[in-house]
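Participant: Submitted below is the structure of interest, expressed as structure tokens.
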Amino acid sequence: MSKILIPADDLRAFTTALFTAAGVTEDHAATISAVLTWAGLRGVDSHGTSRVPRYLELLDSGEANRDPVLAFSSTSPAVAVLDADRAPGPVALTAAADEAISRASASGIGAVGVRRTVHTGAIGYYTSRIADAGLIGIAFVAGMPNMAYPGVKGAAVATSPLSIAVPATGHPPALLDMATAGIALGKIAQFRNAGRPLPEGTAATADGTPTTDPNLARMPLPLGGAKGAGMSLVFELLTSVLLGAPILSSFHSDDPDGRAHRQNALLLALNPAAFGNAADFAPAVATTLETLKSLPPATDDADIRYPGESSASIATRRTADGIPVTPKLWAELRIAAEKLGVPLPATT
């Protein structure tokens with residue numbers, strides 16, 4: 001059976017209905033669905049609709065809070081901290097992005113730390129949201145240790161992601177969205193389901209031995225070895241430790257709550273106007289991107305693209321054709337829909 005195509009609007013409405021039926025408030029359910037659908041449209045399937053069953057599990061188990069109370073605190077006009085009360089990541093980080101936009105619009109920069117959220121999702125969504133407001137978006141996330149670190153036996157640090165989005169006149173934003181791992185955990189599962197070997201140097205067994213067998217792989221290896229591992233460690237310092245909510249040291253201690261699932265984040269919004277470059281910045285970014293794409297190609301068939309361009313192109317195509325869903329995922333969604341009494345969306 002080939003993949004099923006579902007129109008993006010129908011898929012968003014369906015997943016919103018699932019989360020609402022699971023006890024999430026309607027506005028929060030819509031926010032979660034918006035983030036997952038955005039990832040699916042852009043081809044980031046590991047963070048798209050495939051996450052719906054897992055999010056429902058997190059809500060069911062109480063790891064994620066169905067009705068969190070989001071609490072902002074601040075001691076500076078440009079800085080705020082959001083205690084997310086175990087809100088699903090899309091709910092917490094969307095609120096944080098909007099707060100960063102508001103503060104950057106007034107102060108030139110907005111920095112919002114987020115503590116105690118659960119699975120942040122595709123963080124490129126939040127930086128893109130900031131870029132859509134004409135600002136530069138930067139985000140760091142730290143989570144539970146699930147990745148190797150040079151010289152350490154077993155999982156030591158998290159696959160902490162980084163995203164930067166920069167608005168460009170007449171173009172989709174330049175969007176860097178990457179993890180500090182050589183491969184995402186969701187990608188390992190995709191290779192396993194497809195029966196394909198993993199790329200060399202991307203994953204390891206539970207004790208840290210590199211492997212290309214997706215059935216033996218238990219954790220990713222850091223991107224670039226010590227470079228990716230070092231980035232992950234620094235992101236823990238910039239988020240968790242900065243916010244007084246350390247994850248790594250708690251995880252590797254005898255703290256009884258050290259292994260409770262949680263993530264922290266730091267979102268930054270930079271206002272070009274504060275740098276005296278309000279009118280010229282986005283056009284100059286566009287010129288820079290166009291210059292890159294006009295450089296002599298290395299081969300006749302070389303396709304020169306800037307970060308985010310390919311995923312924006314996929315989004316255009318999937319908006320027209322629908323978002324593909326694998327038969328396995330469709331079966332899981334059918335079970336969830338039946339359990340929660342939600343009608344299935346139309347498919348092609």
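As shown in the structure tokens, the chain order sets the letters A, B, ...; within each chain, residues go from 1, and ligands are also counted from 1 in the order they appear.
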As a PyMOL selection string, please: every residue in stretch 126-270 of chain A that DSSP puts in strand (DSSP E or B).
Facilitator: chain A and resi 136-142+147+157+161-168+171-179+181+203-204+210+219-220+222+263-270
Participant: Do you have, as a Markdown table, the list of residues of stretch 266-323 of chain A lying at most 7 Å from stretch 84-104 of chain A, each with its nearest atom pair and that distance in Å to one decimal, counting only C-alpha atoms and ordered by chain then number?
Facilitator:
```
| residue | atom | partner | partner_atom | distance |
| --- | --- | --- | --- | --- |
| A:Leu267 | CA | A:Ala97 | CA | 6.5 |
| A:Leu268 | CA | A:Ala100 | CA | 6.3 |
| A:Ala269 | CA | A:Ala100 | CA | 5.6 |
| A:Leu270 | CA | A:Ala104 | CA | 6.1 |
| A:Asn271 | CA | A:Ala104 | CA | 5.8 |
```
Participant: Write out as number ranges by chain which residues come within 10 Å of A:Leu289 when counting only C-alpha atoms, dropping same-chain ones fewer than 5 positions away.
Facilitator: A: 168, 171, 173-174, 283-284, 294, 305-307
Participant: For each of A:Pro7, A:Pro214, A:Pro150, A:Gly137, take the minimum atom-to-atom distance to A:Gly230, counting only C-alpha atoms, then give the residue where this is smallest.
Facilitator: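 Selected residue with least distance to A:Gly230: A:Pro150.
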Participant: Calculate how many Å separate atom CA of A:Leu216 from atom CA of A:Ala204, rounding to one decimal.
Facilitator: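 Calculated distance between atom CA of A:Leu216 and atom CA of A:Ala204 is 7.7 Å.
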Participant: What residues in stretch 69-314 of chain A get the DSSP label alpha helix (DSSP H)? Please answer as a ChimeraX atom specification.
Facilitator: /A:89-107,124-132,185-194,226-236,248-251,281-294,309-314
Participant: Counting only C-alpha atoms, which residue out of A:Ala194, A:Val69, A:Ile304, A:Leu266 sits closest to A:Thr120?
Facilitator: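 Checking each of A:Ala194, A:Val69, A:Ile304, A:Leu266 against A:Thr120, counting only C-alpha atoms, the winner is A:Leu266.
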Participant: Which of these residues is nearest to A:Lys227, using only C-alpha atoms: A:Pro167, A:Tyr149, A:Gly322, A:Ala282?
Facilitator: A:Tyr149
Participant: Go ahead and compute the interatomic distance for atom CA of A:Asp213 and atom CA of A:Pro197, in Å to one decimal.
Facilitator: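 Atom-to-atom, atom CA of A:Asp213 and atom CA of A:Pro197 are spaced 5.5 Å apart.
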Participant: Work out how far apart atom CA of A:Val44 and atom CA of A:Ser311 are and give it in Å to one decimal.
Facilitator: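 According to the coordinates, atom CA of A:Val44 and atom CA of A:Ser311 are separated by 8.0 Å.
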Participant: Please provide as a list in words all residues within 6 Å of A:Val81, with the sequence filter that same-chain residues fewer than 4 positions apart are discarded (counting only C-alpha atoms).
Facilitator: Phe72, Ser73, Val112, Gly113 and Val114 of chain A
Participant: Give the answer as one residue: which of A:Ser240, A:Gly276, A:Ala229, A:Thr319 has the shortest atom-to-atom distance to A:Asp10, using only C-alpha atoms?
Facilitator: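 Ranked by minimum distance to A:Asp10, first place goes to A:Thr319.
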Participant: Looking at only C-alpha atoms, which of A:Ser74, A:Thr209, A:Thr169, A:Asn264 is the one that sits closest to A:Ala286?
Facilitator: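 Ranking A:Ser74, A:Thr209, A:Thr169, A:Asn264 by distance to A:Ala286, first place goes to A:Thr169.
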Participant: Using only C-alpha atoms, can you tell me which of A:Gly154, A:Pro272, A:Gly48, A:Pro68 comes closest to A:Arg218?
Facilitator: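 Looking at the shortest contact to A:Arg218, the residue is A:Gly154.
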